[in-house]
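Undergrad: Next up, target_15.txt (compact mmCIF, C-alpha atoms).
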```txt
# COMPACT_ATOMS: atom_id res chain seq x y z
CA MET A 1141 0.00 0.00 0.00
CA TYR A 1142 2.70 2.46 1.00
CA LYS A 1143 5.55 1.59 -1.22
CA LEU A 1144 7.04 4.93 -2.09
CA TRP A 1145 9.67 5.95 0.37
CA SER A 1146 12.36 8.51 0.42
CA LEU A 1147 15.41 9.00 2.57
CA ALA A 1148 17.02 11.96 4.21
CA ILE A 1149 19.86 12.47 6.61
CA VAL A 1150 19.27 14.57 9.71
CA ASP A 1151 21.91 14.95 12.40
CA GLY A 1152 23.97 12.08 11.10
CA SER A 1153 21.10 9.59 11.11
CA LEU A 1154 19.26 8.43 8.08
CA TYR A 1155 15.50 8.84 8.10
CA LEU A 1156 13.05 7.03 5.93
CA PHE A 1157 10.05 9.03 4.81
CA ASN A 1158 6.89 8.16 3.02
CA ALA A 1159 7.29 9.80 -0.35
CA SER A 1160 3.59 10.17 -0.95
CA LEU A 1161 3.90 12.80 1.79
CA LYS A 1162 0.68 11.62 3.35
CA PHE A 1163 2.36 10.86 6.63
CA THR A 1164 4.96 13.52 5.98
CA LYS A 1165 7.72 13.50 8.52
CA TYR A 1166 6.01 11.65 11.28
CA LEU A 1167 6.26 8.21 9.91
CA TYR A 1168 9.97 7.97 9.75
CA THR A 1169 12.27 5.22 10.67
CA LYS A 1170 15.68 5.97 11.94
CA LEU A 1171 18.47 3.95 10.43
CA PHE A 1172 21.54 3.76 12.54
CA LEU A 1173 24.43 4.65 10.34
CA LYS A 1174 27.22 5.57 12.69
CA ASN A 1175 28.95 2.23 12.25
CA LEU A 1176 28.56 2.39 8.52
CA MET A 1177 29.99 5.88 8.34
CA ALA A 1178 32.93 4.81 10.45
CA GLN A 1179 33.49 1.77 8.24
CA GLN A 1180 33.40 3.58 4.96
CA GLN A 1181 34.82 6.84 6.29
CA MET A 1182 32.14 8.94 4.70
CA THR A 1183 30.52 12.15 5.83
CA PRO A 1184 26.73 12.27 6.03
CA GLU A 1185 26.71 14.39 2.89
CA GLN A 1186 28.72 11.87 0.93
CA LEU A 1187 26.46 9.13 2.16
CA GLN A 1188 23.39 11.07 1.14
CA GLU A 1189 24.91 11.57 -2.29
CA LYS A 1190 25.52 7.85 -2.54
CA ILE A 1191 21.96 7.05 -1.52
CA LYS A 1192 20.58 9.54 -4.01
CA ASN A 1193 22.24 7.71 -6.85
CA MET A 1194 20.77 4.36 -5.90
CA SER A 1195 17.90 2.69 -7.73
CA PRO A 1196 14.89 1.65 -5.60
CA GLU A 1197 16.09 -1.96 -5.66
CA GLU A 1198 19.54 -0.97 -4.49
CA LEU A 1199 17.98 1.17 -1.82
CA LYS A 1200 16.04 -1.76 -0.46
CA GLU A 1201 19.20 -3.85 -0.47
CA PHE A 1202 20.96 -1.04 1.34
CA GLN A 1203 18.28 -0.92 4.03
CA LYS A 1204 18.45 -4.66 4.39
CA LYS A 1205 22.20 -4.50 4.87
CA GLN A 1206 21.76 -2.09 7.79
CA CYS A 1207 19.14 -4.23 9.47
CA VAL A 1208 20.33 -6.61 12.15
CA PHE A 1209 17.15 -8.67 11.91
CA CYS A 1210 17.67 -9.25 8.19
CA GLN A 1211 21.12 -10.56 9.10
CA ILE A 1212 19.60 -12.81 11.74
CA ILE A 1213 17.21 -14.22 9.15
CA GLU A 1214 20.07 -14.81 6.74
CA GLY A 1215 21.94 -16.57 9.52
CA LYS A 1216 24.81 -14.08 9.64
CA VAL A 1217 24.02 -13.14 13.22
CA GLN A 1218 23.47 -15.81 15.81
CA SER A 1219 20.03 -16.16 17.37
CA ARG A 1220 17.83 -18.72 19.07
CA LYS A 1221 15.44 -19.69 16.36
CA ILE A 1222 12.04 -20.94 17.46
CA TYR A 1223 10.10 -21.05 14.24
CA GLU A 1224 10.62 -20.62 10.53
CA ASP A 1225 8.51 -20.87 7.39
CA ASN A 1226 8.63 -19.12 4.04
CA VAL A 1227 7.05 -15.88 5.29
CA CYS A 1228 8.11 -15.40 8.88
CA TYR A 1229 10.83 -16.19 11.35
CA GLY A 1230 10.48 -16.48 15.13
CA ILE A 1231 13.37 -15.94 17.56
CA LEU A 1232 13.79 -15.55 21.30
CA ASP A 1233 14.33 -11.93 22.32
CA ILE A 1234 17.74 -11.35 23.88
CA ASN A 1235 16.27 -8.57 26.04
CA PRO A 1236 13.10 -10.32 27.13
CA LEU A 1237 10.31 -8.89 29.23
CA ASN A 1238 9.76 -12.38 30.60
CA PRO A 1239 11.53 -15.65 29.78
CA GLY A 1240 10.00 -16.92 26.56
CA HIS A 1241 9.50 -13.53 24.94
CA VAL A 1242 9.35 -14.29 21.20
CA LEU A 1243 9.89 -11.91 18.28
CA LEU A 1244 8.08 -12.91 15.13
CA LEU A 1245 9.71 -11.27 12.11
CA THR A 1246 8.75 -11.11 8.48
CA LYS A 1247 11.43 -12.52 6.19
CA GLU A 1248 10.94 -9.66 3.79
CA HIS A 1249 12.21 -6.33 5.11
CA TYR A 1250 9.31 -4.05 6.06
CA SER A 1251 9.60 -1.08 8.39
CA ILE A 1252 6.01 -0.76 9.51
CA MET A 1253 2.82 -2.74 9.35
CA PRO A 1254 0.86 -0.71 6.74
CA GLN A 1255 3.58 -1.57 4.19
CA ILE A 1256 2.93 -5.29 4.44
CA PRO A 1257 0.56 -6.98 1.99
CA ASP A 1258 -2.60 -8.47 3.43
CA GLU A 1259 -1.71 -12.12 2.89
CA GLU A 1260 1.48 -11.74 4.88
CA VAL A 1261 -0.26 -9.89 7.71
CA ILE A 1262 -2.79 -12.71 7.97
CA HIS A 1263 -0.08 -15.35 7.85
CA VAL A 1264 2.09 -13.66 10.46
CA PHE A 1265 -0.75 -13.22 12.95
CA THR A 1266 -2.04 -16.76 12.47
CA VAL A 1267 1.44 -17.92 13.41
CA ALA A 1268 1.45 -15.43 16.30
CA ARG A 1269 -1.77 -16.95 17.65
CA ASN A 1270 -0.33 -20.46 17.44
CA LEU A 1271 2.88 -19.28 19.08
CA SER A 1272 0.90 -17.65 21.86
CA ASN A 1273 -0.90 -20.95 22.35
CA THR A 1274 2.41 -22.83 22.46
CA ILE A 1275 3.90 -20.40 24.96
CA LEU A 1276 0.90 -20.69 27.27
CA ARG A 1277 1.29 -24.45 27.30
CA SER A 1278 5.02 -24.88 27.37
CA LEU A 1279 5.90 -22.19 29.90
CA GLU A 1280 2.74 -22.39 31.98
CA ALA A 1281 2.15 -18.71 31.48
CA GLU A 1282 -1.17 -17.27 32.63
CA GLY A 1283 -1.60 -14.91 29.73
CA THR A 1284 0.13 -13.36 26.75
CA ASN A 1285 0.53 -9.89 25.33
CA ILE A 1286 0.82 -9.37 21.60
CA ILE A 1287 2.35 -6.01 20.77
CA VAL A 1288 3.19 -4.32 17.48
CA ALA A 1289 4.83 -0.90 17.39
CA ASN A 1290 4.75 1.27 14.28
CA GLY A 1291 6.94 4.34 14.45
CA ILE A 1292 9.37 5.64 17.05
CA ALA A 1293 6.62 7.37 19.03
CA ALA A 1294 5.00 3.97 19.51
CA GLY A 1295 8.20 2.54 20.94
CA GLN A 1296 9.66 0.95 17.82
CA ARG A 1297 13.36 0.36 18.28
CA ALA A 1298 14.39 -1.60 15.21
CA GLN A 1299 13.49 -0.75 11.66
CA HIS A 1300 12.22 -4.25 10.94
CA PHE A 1301 8.56 -5.11 11.46
CA MET A 1302 8.05 -7.56 14.30
CA VAL A 1303 5.34 -8.97 16.50
CA HIS A 1304 6.16 -9.37 20.17
CA VAL A 1305 4.58 -12.41 21.77
CA ILE A 1306 5.15 -12.05 25.50
CA PRO A 1307 4.26 -14.61 28.17
CA ARG A 1308 2.74 -13.05 31.28
CA LYS A 1309 2.27 -14.18 34.84
CA ALA A 1310 0.51 -12.48 37.71
CA ASN A 1311 2.83 -10.08 39.58
CA ASP A 1312 5.67 -10.31 37.09
CA GLY A 1313 6.54 -6.69 37.68
CA VAL A 1314 5.42 -5.44 34.30
CA ASN A 1315 3.15 -2.47 34.24
CA PHE A 1316 1.79 -1.31 30.93
CA GLN A 1317 0.14 2.05 31.30
CA LEU A 1318 -2.93 2.66 29.22
CA PRO A 1319 -4.55 5.63 30.92
CA GLN A 1320 -8.25 6.21 30.40
CA ARG A 1321 -9.38 9.59 29.22
CA GLN A 1322 -12.93 10.82 29.23
CA MET A 1323 -13.95 12.15 25.85
CA GLN A 1324 -16.80 14.37 24.73
CA GLN A 1325 -19.42 12.76 22.52
CA GLN A 1326 -18.90 15.32 19.76
CA ASP A 1327 -15.15 14.69 19.72
CA ILE A 1328 -15.79 10.98 19.41
CA ASP A 1329 -18.14 11.53 16.49
CA GLU A 1330 -15.69 13.86 14.78
CA ILE A 1331 -12.69 11.55 15.16
CA GLY A 1332 -14.80 8.55 14.19
CA ASP A 1333 -15.92 10.21 10.97
CA LYS A 1334 -12.37 11.19 10.11
CA ILE A 1335 -11.18 7.62 10.53
CA VAL A 1336 -14.13 6.23 8.59
CA ASN A 1337 -13.38 8.57 5.69
CA ALA A 1338 -9.71 7.65 5.64
CA LEU A 1339 -10.60 3.98 5.89
CA SER A 1340 -13.06 4.24 3.01
CA SER A 1341 -10.45 5.83 0.80
CA LEU A 1342 -7.99 3.08 1.78
CA PHE A 1343 -10.53 0.51 0.65
CA GLY A 1344 -11.03 2.61 -2.46
CA ILE A 1345 -14.75 3.16 -1.97
CA GLY A 1346 -17.02 5.93 -0.80
CA GLN A 1347 -19.55 4.01 1.24
CA LYS A 1348 -18.79 2.31 4.49
CA THR A 1349 -21.57 -0.26 3.99
CA GLU A 1350 -19.93 -1.63 0.85
CA GLN A 1351 -16.84 -2.81 2.71
CA LYS A 1352 -17.00 -6.55 2.41
CA GLY A 1353 -13.97 -8.24 0.90
CA ALA A 1354 -10.85 -6.67 2.30
CA PRO A 1355 -8.28 -7.64 -0.35
CA ALA A 1356 -10.43 -6.83 -3.40
CA PRO A 1357 -10.05 -3.03 -3.61
CA MET A 1358 -6.25 -3.12 -3.36
CA PRO A 1359 -5.42 -2.51 -7.04
CA LYS A 1360 -7.39 0.74 -7.02
CA ILE A 1361 -5.18 2.16 -4.33
CA VAL A 1362 -2.04 1.36 -6.26
CA GLU A 1363 -3.49 3.02 -9.34
CA ALA A 1364 -4.33 6.16 -7.38
CA GLU A 1365 -0.82 6.38 -6.07
CA PHE A 1366 0.65 6.29 -9.53
CA LYS A 1367 -1.70 9.03 -10.63
CA GLU A 1368 -0.50 11.15 -7.78
CA GLU A 1369 3.05 10.52 -8.87
CA ASP A 1370 2.25 11.66 -12.40
CA LYS A 1371 0.77 14.88 -11.14
CA ARG A 1372 3.83 15.52 -9.09
CA LYS A 1373 6.07 15.17 -12.09
CA LYS A 1374 3.98 17.66 -14.04
CA GLN A 1375 4.58 20.37 -11.47
CA PRO A 1376 8.25 21.13 -11.77
CA LYS A 1377 10.28 23.14 -9.31
CA ILE A 1378 7.49 23.93 -6.90
CA GLU A 1379 8.23 23.32 -3.28
CA LYS A 1380 6.23 20.46 -1.81
CA PRO A 1381 4.21 19.79 -4.97
CA ALA A 1382 2.13 17.08 -3.31
CA MET A 1383 0.87 19.65 -0.85
CA GLN A 1384 -0.34 21.90 -3.64
CA GLN A 1385 -2.89 19.36 -4.73
CA ASN A 1386 -4.65 19.35 -1.46
CA PRO A 1387 -5.39 22.62 0.30
CA ASP A 1388 -6.39 20.86 3.55
CA LYS A 1389 -3.07 19.11 3.81
CA LYS A 1390 -1.25 22.34 3.13
CA LYS A 1391 -2.92 23.93 6.11
CA GLU A 1392 -2.01 21.03 8.35
CA LYS A 1393 1.52 21.26 7.19
CA LYS A 1394 1.79 24.91 8.11
CA GLU A 1395 0.50 24.28 11.58
CA THR A 1396 3.07 21.67 12.39
CA PRO A 1397 6.69 22.71 12.78
CA ASP A 1398 8.84 21.04 10.21
CA GLU A 1399 12.06 20.46 12.06
CA ALA A 1400 12.85 17.02 10.66
CA SER A 1401 12.81 17.89 7.01
CA SER A 1402 14.29 21.37 7.24
CA GLY A 1403 17.27 21.93 5.02
CA ILE A 1404 16.74 18.72 3.11
CA ASP A 1405 15.19 18.64 -0.28
CA LEU A 1406 12.83 15.74 0.24
CA ASP A 1407 11.17 16.27 -3.09
CA ASP A 1408 14.29 15.53 -5.04
CA ILE A 1409 14.65 12.26 -3.23
CA ALA A 1410 10.96 11.56 -3.61
CA LYS A 1411 11.20 12.13 -7.35
CA LEU A 1412 14.17 9.86 -7.50
CA LEU A 1413 12.19 7.11 -5.85
CA GLY A 1414 9.07 8.02 -7.74
CA ALA A 1415 10.72 6.88 -10.94
CA LYS A 1416 9.75 3.38 -9.85
CA MET B 599 -23.49 -14.47 22.35
CA ALA B 600 -22.85 -14.12 26.01
CA GLN B 601 -25.63 -12.37 27.88
CA ASN B 602 -23.53 -10.36 30.29
CA CYS B 603 -20.68 -9.53 27.92
CA LEU B 604 -20.23 -5.81 27.40
CA ILE B 605 -18.74 -6.24 23.95
CA CYS B 606 -21.53 -8.55 22.80
CA GLY B 607 -23.90 -5.80 23.98
CA ILE B 608 -22.10 -3.34 21.70
CA ILE B 609 -22.23 -5.79 18.79
CA GLU B 610 -25.95 -6.38 19.24
CA GLY B 611 -26.52 -2.66 19.54
CA ARG B 612 -27.81 -2.75 23.13
CA ILE B 613 -24.98 -0.41 24.11
CA PRO B 614 -24.45 2.67 21.91
CA SER B 615 -21.06 3.04 20.25
CA LYS B 616 -19.30 4.87 17.44
CA LYS B 617 -18.73 2.27 14.75
CA ILE B 618 -15.73 2.56 12.46
CA TYR B 619 -16.10 -0.61 10.46
CA GLU B 620 -18.58 -3.45 10.33
CA ASP B 621 -19.01 -6.60 8.29
CA ASP B 622 -20.45 -10.02 8.97
CA THR B 623 -17.51 -11.29 11.03
CA ALA B 624 -15.90 -8.24 12.57
CA LEU B 625 -16.70 -4.89 14.14
CA ALA B 626 -14.48 -1.92 14.93
CA VAL B 627 -15.56 0.81 17.34
CA LEU B 628 -13.98 3.87 18.92
CA ASP B 629 -13.11 3.55 22.59
CA VAL B 630 -15.11 6.04 24.63
CA ASN B 631 -12.49 6.09 27.38
CA GLY B 632 -9.58 5.65 25.04
CA SER B 633 -6.04 6.34 26.13
CA ASN B 634 -5.58 8.61 23.10
CA PRO B 635 -8.20 10.18 20.84
CA GLY B 636 -8.82 7.64 18.10
CA HIS B 637 -8.17 4.52 20.17
CA CYS B 638 -10.11 1.72 18.42
CA PHE B 639 -11.16 -1.80 19.28
CA VAL B 640 -11.43 -4.45 16.59
CA MET B 641 -13.39 -7.51 17.67
CA PRO B 642 -14.94 -10.65 16.26
CA LYS B 643 -18.75 -10.76 16.31
CA ILE B 644 -18.73 -14.23 17.81
CA HIS B 645 -17.90 -14.36 21.51
CA TYR B 646 -14.35 -15.72 21.89
CA PRO B 647 -12.86 -14.92 25.29
CA ILE B 648 -9.20 -15.47 24.38
CA PHE B 649 -6.91 -15.25 21.37
CA GLU B 650 -6.26 -18.98 21.04
CA GLN B 651 -9.93 -19.72 20.44
CA VAL B 652 -10.30 -17.44 17.43
CA PRO B 653 -10.31 -19.50 14.21
CA ASP B 654 -8.00 -18.82 11.26
CA PHE B 655 -10.57 -17.11 9.07
CA GLU B 656 -11.49 -14.59 11.73
CA ILE B 657 -7.85 -13.95 12.61
CA GLY B 658 -7.22 -13.06 8.98
CA LYS B 659 -10.19 -10.73 8.82
CA LEU B 660 -9.50 -9.03 12.15
CA PHE B 661 -5.85 -8.35 11.50
CA SER B 662 -6.23 -7.17 7.94
CA ILE B 663 -8.86 -4.72 9.20
CA SER B 664 -6.64 -3.64 12.09
CA ASN B 665 -3.87 -3.03 9.61
CA LYS B 666 -6.14 -0.87 7.46
CA ILE B 667 -7.40 1.04 10.49
CA SER B 668 -3.83 1.60 11.58
CA GLY B 669 -3.11 3.11 8.15
CA ALA B 670 -6.31 5.16 8.25
CA ILE B 671 -5.39 6.56 11.67
CA PHE B 672 -2.05 7.72 10.31
CA ASP B 673 -3.82 9.49 7.48
CA ALA B 674 -6.76 10.91 9.40
CA LEU B 675 -5.31 11.95 12.75
CA LYS B 676 -1.73 12.82 11.76
CA VAL B 677 -0.28 10.77 14.59
CA HIS B 678 3.38 9.81 14.92
CA GLY B 679 2.89 6.09 15.32
CA THR B 680 0.43 3.33 16.13
CA ASN B 681 0.43 0.36 18.44
CA LEU B 682 -1.44 -2.88 18.08
CA PHE B 683 -1.96 -4.28 21.55
CA ILE B 684 -3.61 -7.49 22.63
CA ALA B 685 -4.10 -8.41 26.25
CA ASN B 686 -4.78 -12.08 26.52
CA GLY B 687 -5.62 -13.28 30.03
CA ILE B 688 -5.96 -11.32 33.26
CA PRO B 689 -2.24 -11.13 34.12
CA ALA B 690 -1.73 -9.55 30.71
CA GLY B 691 -4.28 -6.86 31.49
CA GLN B 692 -7.42 -8.22 29.87
CA THR B 693 -10.50 -6.62 31.40
CA VAL B 694 -13.35 -7.87 29.21
CA ALA B 695 -13.95 -11.53 28.43
CA HIS B 696 -14.16 -10.91 24.69
CA PHE B 697 -11.11 -11.04 22.46
CA MET B 698 -10.25 -7.69 20.90
CA ILE B 699 -7.39 -5.88 19.24
CA ASN B 700 -6.54 -2.41 20.52
CA VAL B 701 -5.35 -0.04 17.79
CA ILE B 702 -3.78 2.89 19.61
CA PRO B 703 -2.67 6.13 17.92
CA ARG B 704 0.57 7.38 19.42
CA LYS B 705 2.34 10.67 19.85
CA GLU B 706 5.56 11.33 21.67
CA ASN B 707 5.17 11.72 25.47
CA ASP B 708 1.47 10.89 25.46
CA GLY B 709 1.53 9.12 28.80
CA ILE B 710 1.13 5.64 27.39
CA ASN B 711 3.77 3.19 28.43
CA LEU B 712 4.20 -0.05 26.55
CA GLN B 713 7.90 -0.30 27.31
CA TRP B 714 9.52 -2.78 29.63
CA GLN B 715 12.68 -3.34 31.59
CA PRO B 716 14.52 -6.20 29.91
CA LYS B 717 15.30 -9.12 32.18
CA GLN B 718 18.78 -10.52 32.05
CA LEU B 719 18.74 -14.26 31.51
CA SER B 720 21.77 -16.51 31.59
CA GLU B 721 22.61 -18.65 28.57
CA GLU B 722 21.37 -21.69 30.46
CA GLU B 723 17.99 -20.17 31.22
CA MET B 724 17.62 -19.12 27.60
CA SER B 725 18.40 -22.65 26.45
CA THR B 726 15.86 -24.13 28.86
CA VAL B 727 13.17 -21.80 27.61
CA GLU B 728 14.10 -22.54 24.01
CA LEU B 729 13.84 -26.28 24.57
CA LYS B 730 10.58 -26.01 26.46
CA ILE B 731 8.98 -24.04 23.65
CA LYS B 732 10.37 -26.27 20.94
CA GLU B 733 8.83 -29.31 22.61
CA HIS B 734 5.41 -27.88 21.91
CA MET B 735 6.15 -26.46 18.51
CA ASP B 736 4.31 -29.09 16.47
CA LYS B 737 1.12 -27.04 16.61
CA VAL B 738 2.55 -23.80 15.32
CA GLY B 739 2.76 -24.49 11.57
CA VAL B 740 0.53 -22.53 9.28
CA PRO B 741 -0.94 -24.29 6.27
CA GLN B 742 0.24 -22.97 2.93
CA SER B 743 -2.93 -23.05 0.83
CA GLN B 744 -6.62 -22.65 1.46
CA SER B 745 -7.42 -26.32 0.86
CA LYS B 746 -4.69 -27.44 3.22
CA LYS B 747 -5.94 -24.89 5.70
CA GLN B 748 -9.28 -26.64 5.91
CA ALA B 749 -7.65 -30.04 6.18
CA SER B 750 -5.19 -29.24 8.91
CA LYS B 751 -7.60 -27.17 10.92
CA LYS B 752 -9.37 -30.23 12.24
CA PRO B 753 -6.39 -32.20 13.51
CA LEU B 754 -5.13 -29.08 15.23
CA ASN B 755 -8.37 -28.78 17.12
CA GLU B 756 -8.64 -32.50 17.77
CA ASP B 757 -5.32 -33.19 19.37
CA SER B 758 -5.60 -30.18 21.62
CA SER B 759 -9.27 -30.60 22.41
CA GLU B 760 -9.30 -32.22 25.84
CA GLU B 761 -6.42 -30.33 27.28
CA SER B 762 -7.35 -27.06 25.69
CA ARG B 763 -10.97 -27.17 26.73
CA GLU B 764 -9.86 -27.65 30.27
CA TYR B 765 -7.42 -24.80 29.90
CA PHE B 766 -9.95 -22.50 28.30
CA MET B 767 -12.51 -23.21 30.98
CA ARG B 768 -9.94 -22.31 33.59
CA GLN B 769 -9.24 -19.07 31.77
CA LEU B 770 -12.94 -18.35 31.50
CA THR B 771 -13.48 -18.62 35.19
CA ARG B 772 -10.61 -16.24 35.73
CA ILE B 773 -12.13 -13.51 33.64
CA PRO B 774 -14.78 -11.55 35.49
```
Written as structure tokens, how would this file's structure read?

TA:
Amino acid sequence: MYKLWSLAIVDGSLYLFNASLKFTKYLYTKLFLKNLMAQQQMTPEQLQEKIKNMSPEELKEFQKKQCVFCQIIEGKVQSRKIYEDNVCYGILDINPLNPGHVLLLTKEHYSIMPQIPDEEVIHVFTVARNLSNTILRSLEAEGTNIIVANGIAAGQRAQHFMVHVIPRKANDGVNFQLPQRQMQQQDIDEIGDKIVNALSSLFGIGQKTEQKGAPAPMPKIVEAEFKEEDKRKKQPKIEKPAMQQNPDKKKEKKETPDEASSGIDLDDIAKLLGAK
Amino acid sequence: MAQNCLICGIIEGRIPSKKIYEDDTALAVLDVNGSNPGHCFVMPKIHYPIFEQVPDFEIGKLFSISNKISGAIFDALKVHGTNLFIANGIPAGQTVAHFMINVIPRKENDGINLQWQPKQLSEEEMSTVELKIKEHMDKVGVPQSQSKKQASKKPLNEDSSEESREYFMRQLTRIP
């Protein structure tokens, strides 16, 4: 669904942005490049130059190379493997919350969940359910937590998508805080409508009641994205061309301070990737 | 449908709610007392108290919808991240005896804490855990195709039936 990504370097770290600029700067993933820069003795600028000249395939390879979990899957880094099939790979976490904490990874490199195709999501979570079942039995746990984090704000540490399957016992010293907040009815309605609208456009339809088969509307979305790309190409040399198409988004953009992308020409990189 | 289940009440419409998505197997609603604005629940329409009881088909439906909602939240609410959170069993923080997936919009410093202090385990302890889990791994495999899915579904239920029913009943009594 979200396949167009661009990269930018801020403060010596490489950030991955969604090039459709829908999520703008918020949905970034930080790639840790200090080791790489030390190895190759390059400045961030040189590295950025190198990345700019890469094709999308090379870029994906490059990301994979930086990802410790991809190396685990390839067997280059040692791990305690629990489960493997052709889509996913389960290992024991080396920094577990409780003994038996399992990380279920996708074999393909994805940063966040919305990038993953439906079939793989379904497969991964079916395995997660079976793993949870196994953990309950084998470790005599009294419950399990299944956690997915998308984005740094959500607590994502690695740039590889993973499902945490965590065995829990009473009084194990873990305290997840999910505070309850009272909300006004009108706020609820407003937020609900916003989400419903966004969801409908994701499904590629206008009416909520028509949402039946989840995978069916997928091609429409892809088509729409390409159209957007075409439009962007037709508007040369305008700053943030994607924003120009949508006045609402432009407003939002102005309201939020843009510290992450300041000084970096995201559009150039986006165009580069958009060639795909 | 369980009579005294809050979630079943929402599904039947006895309790008012703001619906985000509905089809014949799944329902997504906004949490009234959500931890962040936009906190959603995705739940199966049939009453399954815990994760392990939910059949393959429903798992697929629920998670593909959760994934879409997660994407929609990014688009609609301009949040910085999302969490999918499942509490399965009382020690894990489950409060309602109906399986559901929490989709939580996240911003930095929003007061939600899903982090943990890692426990240090010795190599020996890790090996013990690994072995223990591997002993029970025969049930984890996921069938490759639809036809195989149907075929292998039955044996999976059969060989775990006695033990699991007992286990599930125990879990049920634990949930208020």

Undergrad: Excluding same-chain residues fewer than 6 positions from Lys732 (chain B), what lies within 10 Å of it counting all atoms listed in the file, as a ChimeraX atom specification?

TA: /A:1221-1223,1274-1275,1278 /B:726,738

Undergrad: Per residue of region 650-723 of chain B within 6 Å of region 1290-1305 of chain A, note the shortest atom pair and the distance in Å to one decimal, counting only C-alpha atoms, and order the rows by chain and increasing residue number, as a Markdown table.

TA:
```
| residue | atom | partner | partner_atom | distance |
| --- | --- | --- | --- | --- |
| B:His678 | CA | A:Ala1293 | CA | 5.8 |
| B:Gly679 | CA | A:Gly1291 | CA | 4.5 |
| B:Thr680 | CA | A:Asn1290 | CA | 5.1 |
| B:Asn681 | CA | A:Ala1294 | CA | 5.9 |
| B:Arg704 | CA | A:Ala1294 | CA | 5.6 |
| B:Lys705 | CA | A:Ala1293 | CA | 5.5 |
| B:Glu706 | CA | A:Ala1293 | CA | 4.9 |
```

Undergrad: When you draw a straight line from CA of Asp673 (chain B) to CA of Ile1331 (chain A), how long is it in Å?

TA: 11.9 Å

Undergrad: What's around Val1264 (chain A) at 9 Å? Count all atoms listed in the file, leave out sequence neighbours fewer than 3 positions away in its own chain, and write the answer as a PyMOL selection string.

TA: chain A and resi 1227-1228+1244-1246+1259-1261+1267-1269+1303

Undergrad: One number please: CA of Thr1284 (chain A) to CA of Gly636 (chain B), in Å, one decimal.

TA: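 Interatomic distance, CA of Thr1284 (chain A) to CA of Gly636 (chain B): 24.4 Å.
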
Undergrad: Any idea what's packed within 8 Å of Gly1283 (chain A), counting only C-alpha atoms, ignoring anything in its chain fewer than 6 positions away? Could you give it as a compact mmCIF listing (two decimals) with C-alpha atoms, in the frame of the given file?

TA:
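Dumped everything to part-v4.txt:
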```
# COMPACT_ATOMS: atom_id res chain seq x y z
CA LEU A 1276 0.90 -20.69 27.27
CA PRO A 1307 4.26 -14.61 28.17
CA ARG A 1308 2.74 -13.05 31.28
CA LYS A 1309 2.27 -14.18 34.84
CA ALA B 685 -4.10 -8.41 26.25
CA ASN B 686 -4.78 -12.08 26.52
CA GLY B 687 -5.62 -13.28 30.03
CA ILE B 688 -5.96 -11.32 33.26
CA PRO B 689 -2.24 -11.13 34.12
CA ALA B 690 -1.73 -9.55 30.71
```

Undergrad: Enter the distance from CA of Asp1327 (chain A) to CA of Glu610 (chain B), in Å, rounded to one decimal.

TA: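 Result for CA of Asp1327 (chain A) versus CA of Glu610 (chain B): 23.7 Å, one decimal.
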
Undergrad: Determine, counting all atoms listed in the file, which protein, DNA and RNA residues have an atom within 7 Å of an atom of Met698 (chain B); residues of the same chain fewer than 6 positions away are not included. Present the result as a ChimeraX atom specification.

TA: /B:639-641,684

Undergrad: Have a look at B:Ala626, B:Val652, B:Ile657, B:Val694 and name the one nearest to Leu604 (chain B); count only C-alpha atoms.

TA: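 Going through B:Ala626, B:Val652, B:Ile657, B:Val694 one by one, the smallest distance to Leu604 (chain B) is for B:Val694.
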
Undergrad: A:Gln1326, A:Ser1272, A:Asn1238, A:Gln1255: which is nearest Glu723 (chain B), counting only C-alpha atoms?

TA: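 The closest residue to Glu723 (chain B) is A:Asn1238.
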
Undergrad: Between B:Glu721, B:Thr623, B:Ile671, B:Asn602, which is the closest to chain A once you count all atoms listed in the file?

TA: B:Ile671

Undergrad: Which residue, B:Asn634, B:Gly611, B:Gln601, B:Pro642, has the smallest gap to chain A when you use all atoms listed in the file?

TA: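 The closest residue to chain A is B:Asn634.
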
Undergrad: Scan for residues within 12 Å of the point (-13.2, 2.5, 24.0) in the coordinates of the file, using only C-alpha atoms, and reply as number ranges by chain.

TA: A: 1318-1323, 1328, 1332; B: 604-605, 608, 614-618, 626-641, 694, 698-702

Undergrad: Would you mind putting N, CA and C atoms back on region 685-690 of chain B and writing the result as a compact mmCIF listing (two decimals), keeping the file's coordinate frame?

TA:
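Result file result-v4.txt:
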```txt
# COMPACT_ATOMS: atom_id res chain seq x y z
N ALA B 685 -4.26 -7.87 24.90
CA ALA B 685 -4.10 -8.41 26.25
C ALA B 685 -4.90 -9.70 26.30
N ASN B 686 -4.20 -10.76 26.62
CA ASN B 686 -4.78 -12.08 26.52
C ASN B 686 -4.64 -12.76 27.87
N GLY B 687 -5.70 -12.75 28.67
CA GLY B 687 -5.62 -13.28 30.03
C GLY B 687 -5.45 -12.16 31.04
N ILE B 688 -5.95 -12.38 32.25
CA ILE B 688 -5.96 -11.32 33.26
C ILE B 688 -4.57 -10.80 33.62
N PRO B 689 -3.56 -11.68 33.78
CA PRO B 689 -2.24 -11.13 34.12
C PRO B 689 -1.71 -10.21 33.03
N ALA B 690 -2.19 -10.39 31.81
CA ALA B 690 -1.73 -9.55 30.71
C ALA B 690 -2.52 -8.25 30.61
```
